[in-house]
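What follows is the content of coords18.cif (mmCIF, C-alpha atoms).
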data_data
loop_
_atom_site.label_atom_id
_atom_site.label_comp_id
_atom_site.auth_asym_id
_atom_site.auth_seq_id
_atom_site.Cartn_x
_atom_site.Cartn_y
_atom_site.Cartn_z
CA ASP A 1 161.57 133.09 89.36
CA ALA A 2 161.41 131.98 92.97
CA LYS A 3 159.92 128.52 93.24
CA THR A 4 157.49 127.40 95.92
CA THR A 5 156.94 123.91 97.29
CA GLN A 6 153.65 122.85 98.84
CA PRO A 7 152.23 119.50 99.93
CA PRO A 8 149.82 118.22 97.27
CA SER A 9 146.97 117.63 99.68
CA MET A 10 145.83 118.11 103.27
CA ASP A 11 142.77 117.29 105.33
CA CYS A 12 141.27 119.36 108.13
CA ALA A 13 138.28 118.83 110.39
CA GLU A 14 135.63 121.52 110.28
CA GLY A 15 136.06 124.05 113.07
CA ARG A 16 139.75 123.30 113.49
CA ALA A 17 142.61 125.48 112.31
CA ALA A 18 144.06 124.63 108.91
CA ASN A 19 147.80 125.25 108.66
CA LEU A 20 149.11 125.19 105.11
CA PRO A 21 152.90 125.23 104.73
CA CYS A 22 154.97 126.59 101.87
CA ASN A 23 158.69 126.59 101.18
CA HIS A 24 160.25 129.37 99.10
CA SER A 25 163.96 129.08 99.85
CA THR A 26 165.09 131.10 96.79
CA ILE A 27 162.94 134.14 97.52
CA SER A 28 164.62 137.51 96.97
CA GLY A 29 164.63 140.33 99.48
CA ASN A 30 161.95 142.44 97.78
CA GLU A 31 159.63 139.63 96.67
CA TYR A 32 156.28 139.22 98.37
CA VAL A 33 154.58 135.97 99.32
CA TYR A 34 150.98 135.77 98.12
CA TRP A 35 148.30 133.21 98.86
CA TYR A 36 145.33 132.53 96.62
CA ARG A 37 142.74 129.79 96.63
CA GLN A 38 140.64 128.35 93.86
CA ILE A 39 137.33 126.69 94.36
CA HIS A 40 136.27 124.38 91.58
CA SER A 41 135.24 126.18 88.37
CA GLN A 42 135.95 129.63 89.77
CA GLY A 43 138.82 132.07 89.34
CA PRO A 44 141.57 132.27 91.98
CA GLN A 45 140.56 134.27 95.05
CA TYR A 46 143.09 136.52 96.77
CA ILE A 47 143.60 135.65 100.45
CA ILE A 48 146.58 137.51 101.87
CA HIS A 49 150.13 138.61 101.16
CA GLY A 50 153.21 139.69 103.08
CA LEU A 51 156.87 140.60 102.83
CA LYS A 52 158.48 139.68 106.14
CA ASN A 53 156.07 140.52 108.92
CA ASN A 54 153.18 138.34 109.96
CA GLU A 55 149.89 139.48 108.48
CA THR A 56 146.27 138.92 109.43
CA ASN A 57 143.01 139.81 107.75
CA GLU A 58 139.41 138.67 107.97
CA MET A 59 140.14 135.51 106.03
CA ALA A 60 143.44 134.21 107.34
CA SER A 61 146.82 134.78 108.96
CA LEU A 62 150.18 134.56 107.25
CA ILE A 63 153.26 133.61 109.22
CA ILE A 64 156.60 134.16 107.47
CA THR A 65 159.79 132.80 109.03
CA GLU A 66 162.52 135.23 109.91
CA ASP A 67 164.77 133.99 107.10
CA ARG A 68 161.76 134.25 104.73
CA LYS A 69 162.44 130.81 103.32
CA SER A 70 159.05 129.45 104.33
CA SER A 71 155.59 130.56 105.35
CA THR A 72 152.35 129.16 106.74
CA LEU A 73 148.82 130.16 105.89
CA ILE A 74 146.44 129.71 108.80
CA LEU A 75 142.68 129.44 108.43
CA PRO A 76 141.67 129.74 112.10
CA HIS A 77 138.31 127.94 111.95
CA ALA A 78 138.01 125.95 108.74
CA THR A 79 134.56 125.37 107.27
CA LEU A 80 133.38 123.13 104.45
CA ARG A 81 133.40 126.21 102.18
CA ASP A 82 137.18 126.45 102.65
CA THR A 83 137.65 123.26 100.62
CA ALA A 84 139.76 124.43 97.68
CA VAL A 85 143.20 124.39 96.08
CA TYR A 86 145.49 126.82 97.89
CA TYR A 87 148.37 128.41 96.01
CA CYS A 88 151.45 129.90 97.62
CA ILE A 89 153.11 132.30 95.19
CA VAL A 90 156.20 134.46 95.20
CA ARG A 91 155.35 137.53 93.19
CA VAL A 92 157.98 138.63 90.69
CA VAL A 93 158.37 142.24 89.56
CA ARG A 94 160.60 142.97 86.57
CA THR A 95 161.57 146.26 84.98
CA THR A 96 162.57 146.17 81.31
CA PHE A 97 162.76 148.68 78.49
CA THR A 98 159.02 148.30 78.04
CA GLY A 99 158.26 149.20 81.62
CA THR A 100 157.62 147.39 84.86
CA ALA A 101 155.60 144.22 84.89
CA SER A 102 154.51 141.85 87.58
CA LYS A 103 153.28 138.30 87.31
CA LEU A 104 152.16 135.49 89.54
CA THR A 105 153.81 132.12 88.96
CA PHE A 106 151.41 129.45 90.16
CA GLY A 107 152.51 125.95 91.09
CA THR A 108 150.14 123.05 91.57
CA GLY A 109 149.08 124.13 95.06
CA THR A 110 147.70 122.22 98.04
CA ARG A 111 144.28 120.67 97.79
CA LEU A 112 142.66 121.26 101.18
CA GLN A 113 139.73 119.03 102.05
CA VAL A 114 137.67 120.14 105.04
CA THR A 115 135.56 117.37 106.50
CA LEU A 116 132.80 117.08 109.10
CA ASP B 117 131.16 147.06 93.27
CA ALA B 118 131.40 144.63 90.39
CA GLY B 119 134.43 142.40 90.25
CA VAL B 120 136.32 141.41 87.14
CA THR B 121 133.87 140.29 84.48
CA GLN B 122 134.70 138.04 81.56
CA SER B 123 132.73 137.04 78.50
CA PRO B 124 131.71 134.64 77.26
CA THR B 125 131.71 132.14 80.11
CA HIS B 126 131.92 129.14 77.80
CA LEU B 127 132.95 128.78 74.18
CA ILE B 128 133.39 125.89 71.76
CA LYS B 129 135.57 126.37 68.69
CA THR B 130 137.01 124.18 65.96
CA ARG B 131 140.70 123.72 65.24
CA GLY B 132 142.07 126.47 63.01
CA GLN B 133 139.47 129.04 64.03
CA HIS B 134 140.23 132.18 65.99
CA VAL B 135 138.68 133.39 69.22
CA THR B 136 138.30 136.68 71.07
CA LEU B 137 137.83 136.75 74.82
CA ARG B 138 136.81 139.88 76.68
CA CYS B 139 137.51 141.26 80.12
CA SER B 140 136.27 144.24 82.10
CA PRO B 141 138.46 145.15 85.08
CA ILE B 142 137.37 146.35 88.47
CA SER B 143 136.50 150.05 88.32
CA GLY B 144 139.63 152.12 88.88
CA HIS B 145 142.04 149.33 87.94
CA LYS B 146 144.28 150.14 84.98
CA SER B 147 146.34 146.95 84.85
CA VAL B 148 144.94 143.81 83.26
CA SER B 149 146.61 140.41 83.06
CA TRP B 150 145.66 137.22 81.26
CA TYR B 151 146.34 133.68 82.43
CA GLN B 152 145.72 130.26 80.92
CA GLN B 153 144.76 127.33 83.14
CA VAL B 154 144.89 123.88 81.66
CA LEU B 155 142.96 121.19 83.51
CA GLY B 156 144.85 119.96 86.55
CA GLN B 157 147.46 122.71 86.52
CA GLY B 158 147.87 126.14 88.03
CA PRO B 159 147.26 129.25 85.91
CA GLN B 160 150.08 130.30 83.57
CA PHE B 161 150.85 133.95 82.80
CA ILE B 162 150.15 135.11 79.25
CA PHE B 163 150.16 138.93 79.19
CA GLN B 164 150.05 142.01 81.35
CA TYR B 165 148.80 145.36 80.04
CA TYR B 166 148.94 148.73 81.72
CA GLU B 167 147.65 151.97 80.24
CA LYS B 168 147.07 150.22 76.92
CA GLU B 169 150.68 149.06 76.63
CA GLU B 170 152.01 145.54 76.93
CA ARG B 171 154.19 145.31 80.01
CA GLY B 172 154.87 141.60 80.15
CA ARG B 173 154.48 138.48 78.08
CA GLY B 174 154.68 134.86 79.08
CA ASN B 175 156.01 131.92 77.09
CA PHE B 176 153.18 131.68 74.57
CA PRO B 177 153.33 131.62 70.76
CA ASP B 178 152.56 134.60 68.57
CA ARG B 179 149.12 133.15 67.91
CA PHE B 180 148.22 134.75 71.22
CA SER B 181 147.75 138.51 71.25
CA ALA B 182 145.94 141.01 73.39
CA ARG B 183 145.08 144.64 73.62
CA GLN B 184 143.73 147.08 76.15
CA PHE B 185 141.24 149.81 75.38
CA PRO B 186 140.99 153.40 76.68
CA ASN B 187 138.38 152.27 79.22
CA TYR B 188 140.95 149.67 80.46
CA SER B 189 138.92 146.69 79.28
CA SER B 190 140.90 144.09 77.39
CA GLU B 191 140.65 141.44 74.72
CA LEU B 192 142.66 138.26 74.31
CA ASN B 193 142.86 136.90 70.79
CA VAL B 194 144.02 133.44 69.83
CA ASN B 195 144.48 132.54 66.17
CA ALA B 196 144.75 129.16 64.47
CA LEU B 197 143.36 127.32 67.45
CA LEU B 198 144.89 124.00 68.46
CA LEU B 199 143.38 121.28 70.60
CA GLY B 200 145.93 122.18 73.26
CA ASP B 201 144.47 125.65 73.58
CA SER B 202 141.49 124.16 75.39
CA ALA B 203 141.66 125.72 78.83
CA LEU B 204 140.17 128.16 81.30
CA TYR B 205 141.29 131.66 80.38
CA LEU B 206 141.46 133.99 83.34
CA CYS B 207 141.63 137.75 83.43
CA ALA B 208 142.86 139.66 86.46
CA SER B 209 143.01 143.36 87.26
CA SER B 210 144.97 145.32 89.81
CA LEU B 211 146.13 148.78 90.85
CA ASP B 212 149.65 147.97 89.59
CA GLY B 213 151.50 151.00 88.36
CA GLN B 214 149.20 153.55 89.95
CA GLY B 215 151.62 154.98 92.44
CA VAL B 216 151.92 151.69 94.29
CA SER B 217 155.01 149.55 94.35
CA TYR B 218 153.56 146.61 92.42
CA ASN B 219 152.24 145.27 95.67
CA SER B 220 148.61 145.43 94.73
CA PRO B 221 146.78 142.09 94.73
CA LEU B 222 145.47 140.74 91.44
CA HIS B 223 141.75 140.10 91.42
CA PHE B 224 140.58 137.40 89.05
CA GLY B 225 137.39 136.88 87.13
CA ASN B 226 135.79 133.45 86.85
CA GLY B 227 137.24 132.91 83.41
CA THR B 228 136.16 131.77 79.99
CA ARG B 229 136.13 128.03 79.44
CA LEU B 230 137.37 127.43 75.87
CA THR B 231 136.96 124.03 74.28
CA VAL B 232 138.65 123.36 70.94
CA THR B 233 137.38 120.37 68.99
#

Could you write out this file's structure as structure tokens?
Amino acid sequence: DAKTTQPPSMDCAEGRAANLPCNHSTISGNEYVYWYRQIHSQGPQYIIHGLKNNETNEMASLIITEDRKSSTLILPHATLRDTAVYYCIVRVVRTTFTGTASKLTFGTGTRLQVTL
Amino acid sequence: DAGVTQSPTHLIKTRGQHVTLRCSPISGHKSVSWYQQVLGQGPQFIFQYYEKEERGRGNFPDRFSARQFPNYSSELNVNALLLGDSALYLCASSLDGQGVSYNSPLHFGNGTRLTVT
């Protein structure tokens, strides 16, 4: 499975953009990059995903480099409620005799602390 | 619409006992996955079910089993509990397999916190 590398922790001032990097140098051509976050004691929350084009939704923007070996999640105006662990994941899809299955392989993520 | 719901939210069991955890997916989702999250680590994949059939299994012992019902809800069973099974058990549902190219986001519930003493 493609492995991702993220910094263990980052700080961001409230109101500023938070830029969270991720390296995934072994990603395959048809594997998507997903971002989730997990606030303490809750389940992971889906943020955004992409294949090779930049993506934007109401929560964040995802910038994927042209060679797809790295990406950056951008929270444009971080708030205290964005304090969480952010996971960058390469989603793996496998087809076997039992059918097609897909799983998310989580690493340890980046702990983002948003401060006043 | 309701998200993924899991029950119970917390559970305390003794070593050697068995446990059943339950999950109701988002309405319209037919794929359900289970993950285990040990304190301080990211979630680890246990099972994926689609249309009541197991489609994927992670690196967990046979003490772990699951099933999916006709209404797409699911149960995770763990037998002969060990102290190391203490964790947050997460269920996720998605539109995987429903005419989409396995590019449908997984949506997680808030999990069941299992403590084994």

For this session: Identify all residues satisfying the PyMOL selection byres ((chain B) within 8 of (chain A)) in the given file; provide them as a list in words.
Result: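 Going through the file, the PyMOL selection byres ((chain B) within 8 of (chain A)) ends up selecting Gly156, Gln157, Gly158, Pro159, Gln160, Phe161, Gln164, Glu170, Arg171, Gly172, Leu206, Gly213, Tyr218, Asn219, Pro221, Leu222, His223, Phe224, Gly225, Asn226 and Gly227 of chain B.
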
Preceding selection exported with C-alpha atoms as a JSON list (two decimals), in the frame of the given file:
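The result, written out as out.json:
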[["chain", "number", "residue", "atom", "x", "y", "z"],
["B", 156, "GLY", "CA", 144.85, 119.96, 86.55],
["B", 157, "GLN", "CA", 147.46, 122.71, 86.52],
["B", 158, "GLY", "CA", 147.87, 126.14, 88.03],
["B", 159, "PRO", "CA", 147.26, 129.25, 85.91],
["B", 160, "GLN", "CA", 150.08, 130.30, 83.57],
["B", 161, "PHE", "CA", 150.85, 133.95, 82.80],
["B", 164, "GLN", "CA", 150.05, 142.01, 81.35],
["B", 170, "GLU", "CA", 152.01, 145.54, 76.93],
["B", 171, "ARG", "CA", 154.19, 145.31, 80.01],
["B", 172, "GLY", "CA", 154.87, 141.60, 80.15],
["B", 206, "LEU", "CA", 141.46, 133.99, 83.34],
["B", 213, "GLY", "CA", 151.50, 151.00, 88.36],
["B", 218, "TYR", "CA", 153.56, 146.61, 92.42],
["B", 219, "ASN", "CA", 152.24, 145.27, 95.67],
["B", 221, "PRO", "CA", 146.78, 142.09, 94.73],
["B", 222, "LEU", "CA", 145.47, 140.74, 91.44],
["B", 223, "HIS", "CA", 141.75, 140.10, 91.42],
["B", 224, "PHE", "CA", 140.58, 137.40, 89.05],
["B", 225, "GLY", "CA", 137.39, 136.88, 87.13],
["B", 226, "ASN", "CA", 135.79, 133.45, 86.85],
["B", 227, "GLY", "CA", 137.24, 132.91, 83.41]]

Problem set entry | Reference answer for the PyMOL selection byres ((chain B and resi 202) around 8), as a list in words | Val154, Leu198, Leu199, Gly200, Asp201, Ala203, Leu204, Arg229, Leu230, Thr231 and Val232 of chain B

For this session: Find the spatial neighbours of region 14-25 of chain A, counting only C-alpha atoms, within a cut-off of 7 Å - ignore same-chain residues fewer than 2 positions away - and output them as a ChimeraX atom specification.
Result: /A:2-6,12,27,69-80,88,114-116

Filtering to C-alpha atoms, could you give me those residues as an mmCIF file, in the coordinates of the input?
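Done, and the output landed in result.cif:
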data_model
loop_
_atom_site.group_PDB
_atom_site.id
_atom_site.type_symbol
_atom_site.label_atom_id
_atom_site.label_comp_id
_atom_site.auth_asym_id
_atom_site.auth_seq_id
_atom_site.Cartn_x
_atom_site.Cartn_y
_atom_site.Cartn_z
ATOM 1 C CA ALA A 2 161.410 131.980 92.970
ATOM 2 C CA LYS A 3 159.920 128.520 93.240
ATOM 3 C CA THR A 4 157.490 127.400 95.920
ATOM 4 C CA THR A 5 156.940 123.910 97.290
ATOM 5 C CA GLN A 6 153.650 122.850 98.840
ATOM 6 C CA CYS A 12 141.270 119.360 108.130
ATOM 7 C CA ILE A 27 162.940 134.140 97.520
ATOM 8 C CA LYS A 69 162.440 130.810 103.320
ATOM 9 C CA SER A 70 159.050 129.450 104.330
ATOM 10 C CA SER A 71 155.590 130.560 105.350
ATOM 11 C CA THR A 72 152.350 129.160 106.740
ATOM 12 C CA LEU A 73 148.820 130.160 105.890
ATOM 13 C CA ILE A 74 146.440 129.710 108.800
ATOM 14 C CA LEU A 75 142.680 129.440 108.430
ATOM 15 C CA PRO A 76 141.670 129.740 112.100
ATOM 16 C CA HIS A 77 138.310 127.940 111.950
ATOM 17 C CA ALA A 78 138.010 125.950 108.740
ATOM 18 C CA THR A 79 134.560 125.370 107.270
ATOM 19 C CA LEU A 80 133.380 123.130 104.450
ATOM 20 C CA CYS A 88 151.450 129.900 97.620
ATOM 21 C CA VAL A 114 137.670 120.140 105.040
ATOM 22 C CA THR A 115 135.560 117.370 106.500
ATOM 23 C CA LEU A 116 132.800 117.080 109.100
#

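Picture a line from CA of Ser220 (chain B) to CA of Glu66 (chain A); it runs 23.0 Å.
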
Problem set entry | the PyMOL selection byres ((chain B and resi 188) around 9) resolved against shown file, as a list in words | Ser140, Pro141, Gly144, His145, Lys146, Ser147, Val148, Tyr165, Tyr166, Glu167, Lys168, Gln184, Phe185, Pro186, Asn187, Ser189 and Ser190 of chain B

Requested write-out: C-alpha atoms of the selected residues, as an mmCIF file, in the coordinates of the input:
data_model
loop_
_atom_site.group_PDB
_atom_site.id
_atom_site.type_symbol
_atom_site.label_atom_id
_atom_site.label_comp_id
_atom_site.auth_asym_id
_atom_site.auth_seq_id
_atom_site.Cartn_x
_atom_site.Cartn_y
_atom_site.Cartn_z
ATOM 1 C CA SER B 140 136.270 144.240 82.100
ATOM 2 C CA PRO B 141 138.460 145.150 85.080
ATOM 3 C CA GLY B 144 139.630 152.120 88.880
ATOM 4 C CA HIS B 145 142.040 149.330 87.940
ATOM 5 C CA LYS B 146 144.280 150.140 84.980
ATOM 6 C CA SER B 147 146.340 146.950 84.850
ATOM 7 C CA VAL B 148 144.940 143.810 83.260
ATOM 8 C CA TYR B 165 148.800 145.360 80.040
ATOM 9 C CA TYR B 166 148.940 148.730 81.720
ATOM 10 C CA GLU B 167 147.650 151.970 80.240
ATOM 11 C CA LYS B 168 147.070 150.220 76.920
ATOM 12 C CA GLN B 184 143.730 147.080 76.150
ATOM 13 C CA PHE B 185 141.240 149.810 75.380
ATOM 14 C CA PRO B 186 140.990 153.400 76.680
ATOM 15 C CA ASN B 187 138.380 152.270 79.220
ATOM 16 C CA SER B 189 138.920 146.690 79.280
ATOM 17 C CA SER B 190 140.900 144.090 77.390
#

Problem set entry | Interatomic distance, CA of Ala13 (chain A) to CA of Ile63 (chain A) (Å, one decimal) |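 Atom-to-atom, CA of Ala13 (chain A) to CA of Ile63 (chain A), that is 21.1 Å.
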
Exercise. So how many Å separate CA of Cys139 (chain B) and CA of Arg81 (chain A), to one decimal?
Worked result: 27.0 Å

For this session: Might you pull out every residue within 6 Å of Tyr205 (chain B), with only C-alpha atoms counted and same-chain residues fewer than 2 positions away left off, and present them as an NGL selection string?
Result: :B and (151-152 or 227-228)

Exercise. Which polymer residues have any atom within 8 Å of an atom of Pro124 (chain B), counting all atoms listed in the file, with same-chain residues fewer than 3 positions away left out, as a ChimeraX atom specification?
Worked result: /B:127,137-138,228

Save the residues we just selected, C-alpha atoms, as a compact mmCIF listing (two decimals), in the coordinates of the input?
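Written file, part-v7.txt:
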# COMPACT_ATOMS: atom_id res chain seq x y z
CA LEU B 127 132.95 128.78 74.18
CA LEU B 137 137.83 136.75 74.82
CA ARG B 138 136.81 139.88 76.68
CA THR B 228 136.16 131.77 79.99

Exercise. Closest to Leu112 (chain A) among A:Ile89, A:Ser28, A:Asn53, A:Asp82, using all atoms listed in the file?
Worked result: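 Using all atoms listed in the file, Leu112 (chain A) sits closest to A:Asp82.
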
For this session: Select, from B:Ser143, B:Ser181, B:Asn195, B:Asn175, the residue with the minimum atom-to-atom distance to Ser210 (chain B), counting all atoms listed in the file.
Result: B:Ser143

Atoms added to region 54-65 of chain A (all heavy atoms), reported as a PDB file, in the frame of the given file:
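For reference, out_17.pdb as written:
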ATOM      1  N   ASN A  54     154.395 139.125 109.956  1.00  0.00           N
ATOM      2  CA  ASN A  54     153.180 138.340 109.960  1.00  0.00           C
ATOM      3  C   ASN A  54     151.996 139.251 109.621  1.00  0.00           C
ATOM      4  O   ASN A  54     151.976 140.428 110.005  1.00  0.00           O
ATOM      5  CB  ASN A  54     152.977 137.673 111.316  1.00  0.00           C
ATOM      6  CG  ASN A  54     154.104 136.705 111.634  1.00  0.00           C
ATOM      7  OD1 ASN A  54     154.793 136.219 110.741  1.00  0.00           O
ATOM      8  ND2 ASN A  54     154.287 136.438 112.914  1.00  0.00           N
ATOM      9  N   GLU A  55     151.040 138.714 108.908  1.00  0.00           N
ATOM     10  CA  GLU A  55     149.890 139.480 108.480  1.00  0.00           C
ATOM     11  C   GLU A  55     148.607 138.742 108.851  1.00  0.00           C
ATOM     12  O   GLU A  55     148.588 137.507 108.876  1.00  0.00           O
ATOM     13  CB  GLU A  55     149.913 139.706 106.961  1.00  0.00           C
ATOM     14  CG  GLU A  55     151.136 140.414 106.425  1.00  0.00           C
ATOM     15  CD  GLU A  55     151.182 141.890 106.762  1.00  0.00           C
ATOM     16  OE1 GLU A  55     150.135 142.435 107.153  1.00  0.00           O
ATOM     17  OE2 GLU A  55     152.269 142.502 106.599  1.00  0.00           O
ATOM     18  N   THR A  56     147.575 139.504 109.125  1.00  0.00           N
ATOM     19  CA  THR A  56     146.270 138.920 109.430  1.00  0.00           C
ATOM     20  C   THR A  56     145.182 139.772 108.793  1.00  0.00           C
ATOM     21  O   THR A  56     145.270 141.006 108.800  1.00  0.00           O
ATOM     22  CB  THR A  56     146.044 138.851 110.954  1.00  0.00           C
ATOM     23  OG1 THR A  56     146.991 137.956 111.532  1.00  0.00           O
ATOM     24  CG2 THR A  56     144.644 138.324 111.274  1.00  0.00           C
ATOM     25  N   ASN A  57     144.198 139.103 108.225  1.00  0.00           N
ATOM     26  CA  ASN A  57     143.010 139.810 107.750  1.00  0.00           C
ATOM     27  C   ASN A  57     141.787 138.975 108.128  1.00  0.00           C
ATOM     28  O   ASN A  57     141.885 138.009 108.907  1.00  0.00           O
ATOM     29  CB  ASN A  57     143.081 140.119 106.255  1.00  0.00           C
ATOM     30  CG  ASN A  57     143.151 138.883 105.390  1.00  0.00           C
ATOM     31  OD1 ASN A  57     142.779 137.778 105.816  1.00  0.00           O
ATOM     32  ND2 ASN A  57     143.629 139.046 104.175  1.00  0.00           N
ATOM     33  N   GLU A  58     140.650 139.327 107.569  1.00  0.00           N
ATOM     34  CA  GLU A  58     139.410 138.670 107.970  1.00  0.00           C
ATOM     35  C   GLU A  58     139.336 137.223 107.506  1.00  0.00           C
ATOM     36  O   GLU A  58     138.519 136.464 108.002  1.00  0.00           O
ATOM     37  CB  GLU A  58     138.201 139.449 107.437  1.00  0.00           C
ATOM     38  CG  GLU A  58     138.074 139.489 105.920  1.00  0.00           C
ATOM     39  CD  GLU A  58     138.943 140.547 105.277  1.00  0.00           C
ATOM     40  OE1 GLU A  58     139.743 141.208 105.994  1.00  0.00           O
ATOM     41  OE2 GLU A  58     138.824 140.713 104.048  1.00  0.00           O
ATOM     42  N   MET A  59     140.185 136.866 106.558  1.00  0.00           N
ATOM     43  CA  MET A  59     140.140 135.510 106.030  1.00  0.00           C
ATOM     44  C   MET A  59     141.150 134.585 106.697  1.00  0.00           C
ATOM     45  O   MET A  59     140.861 133.406 106.935  1.00  0.00           O
ATOM     46  CB  MET A  59     140.408 135.508 104.528  1.00  0.00           C
ATOM     47  CG  MET A  59     139.303 136.094 103.682  1.00  0.00           C
ATOM     48  SD  MET A  59     139.694 135.973 101.921  1.00  0.00           S
ATOM     49  CE  MET A  59     139.668 134.203 101.664  1.00  0.00           C
ATOM     50  N   ALA A  60     142.360 135.096 106.944  1.00  0.00           N
ATOM     51  CA  ALA A  60     143.440 134.210 107.340  1.00  0.00           C
ATOM     52  C   ALA A  60     144.582 134.985 107.987  1.00  0.00           C
ATOM     53  O   ALA A  60     144.574 136.215 108.021  1.00  0.00           O
ATOM     54  CB  ALA A  60     143.964 133.469 106.107  1.00  0.00           C
ATOM     55  N   SER A  61     145.559 134.217 108.467  1.00  0.00           N
ATOM     56  CA  SER A  61     146.820 134.780 108.960  1.00  0.00           C
ATOM     57  C   SER A  61     147.965 134.189 108.161  1.00  0.00           C
ATOM     58  O   SER A  61     147.896 133.027 107.725  1.00  0.00           O
ATOM     59  CB  SER A  61     147.017 134.452 110.444  1.00  0.00           C
ATOM     60  OG  SER A  61     146.049 135.090 111.236  1.00  0.00           O
ATOM     61  N   LEU A  62     148.994 134.994 107.975  1.00  0.00           N
ATOM     62  CA  LEU A  62     150.180 134.560 107.250  1.00  0.00           C
ATOM     63  C   LEU A  62     151.378 134.712 108.174  1.00  0.00           C
ATOM     64  O   LEU A  62     151.638 135.824 108.672  1.00  0.00           O
ATOM     65  CB  LEU A  62     150.374 135.397 105.987  1.00  0.00           C
ATOM     66  CG  LEU A  62     151.658 135.175 105.189  1.00  0.00           C
ATOM     67  CD1 LEU A  62     151.745 133.737 104.695  1.00  0.00           C
ATOM     68  CD2 LEU A  62     151.728 136.146 104.012  1.00  0.00           C
ATOM     69  N   ILE A  63     152.062 133.602 108.378  1.00  0.00           N
ATOM     70  CA  ILE A  63     153.260 133.610 109.220  1.00  0.00           C
ATOM     71  C   ILE A  63     154.456 133.358 108.312  1.00  0.00           C
ATOM     72  O   ILE A  63     154.514 132.315 107.632  1.00  0.00           O
ATOM     73  CB  ILE A  63     153.192 132.500 110.291  1.00  0.00           C
ATOM     74  CG1 ILE A  63     151.876 132.580 111.076  1.00  0.00           C
ATOM     75  CG2 ILE A  63     154.399 132.598 111.219  1.00  0.00           C
ATOM     76  CD1 ILE A  63     151.700 133.863 111.837  1.00  0.00           C
ATOM     77  N   ILE A  64     155.404 134.287 108.287  1.00  0.00           N
ATOM     78  CA  ILE A  64     156.600 134.160 107.470  1.00  0.00           C
ATOM     79  C   ILE A  64     157.792 134.013 108.408  1.00  0.00           C
ATOM     80  O   ILE A  64     157.957 134.799 109.346  1.00  0.00           O
ATOM     81  CB  ILE A  64     156.791 135.392 106.557  1.00  0.00           C
ATOM     82  CG1 ILE A  64     155.554 135.578 105.664  1.00  0.00           C
ATOM     83  CG2 ILE A  64     158.049 135.252 105.701  1.00  0.00           C
ATOM     84  CD1 ILE A  64     155.584 136.839 104.826  1.00  0.00           C
ATOM     85  N   THR A  65     158.627 133.006 108.159  1.00  0.00           N
ATOM     86  CA  THR A  65     159.790 132.800 109.030  1.00  0.00           C
ATOM     87  C   THR A  65     160.757 133.954 108.886  1.00  0.00           C
ATOM     88  O   THR A  65     160.752 134.686 107.893  1.00  0.00           O
ATOM     89  CB  THR A  65     160.493 131.483 108.671  1.00  0.00           C
ATOM     90  OG1 THR A  65     160.886 131.520 107.289  1.00  0.00           O
ATOM     91  CG2 THR A  65     159.586 130.291 108.914  1.00  0.00           C
TER      92      THR A  65
END
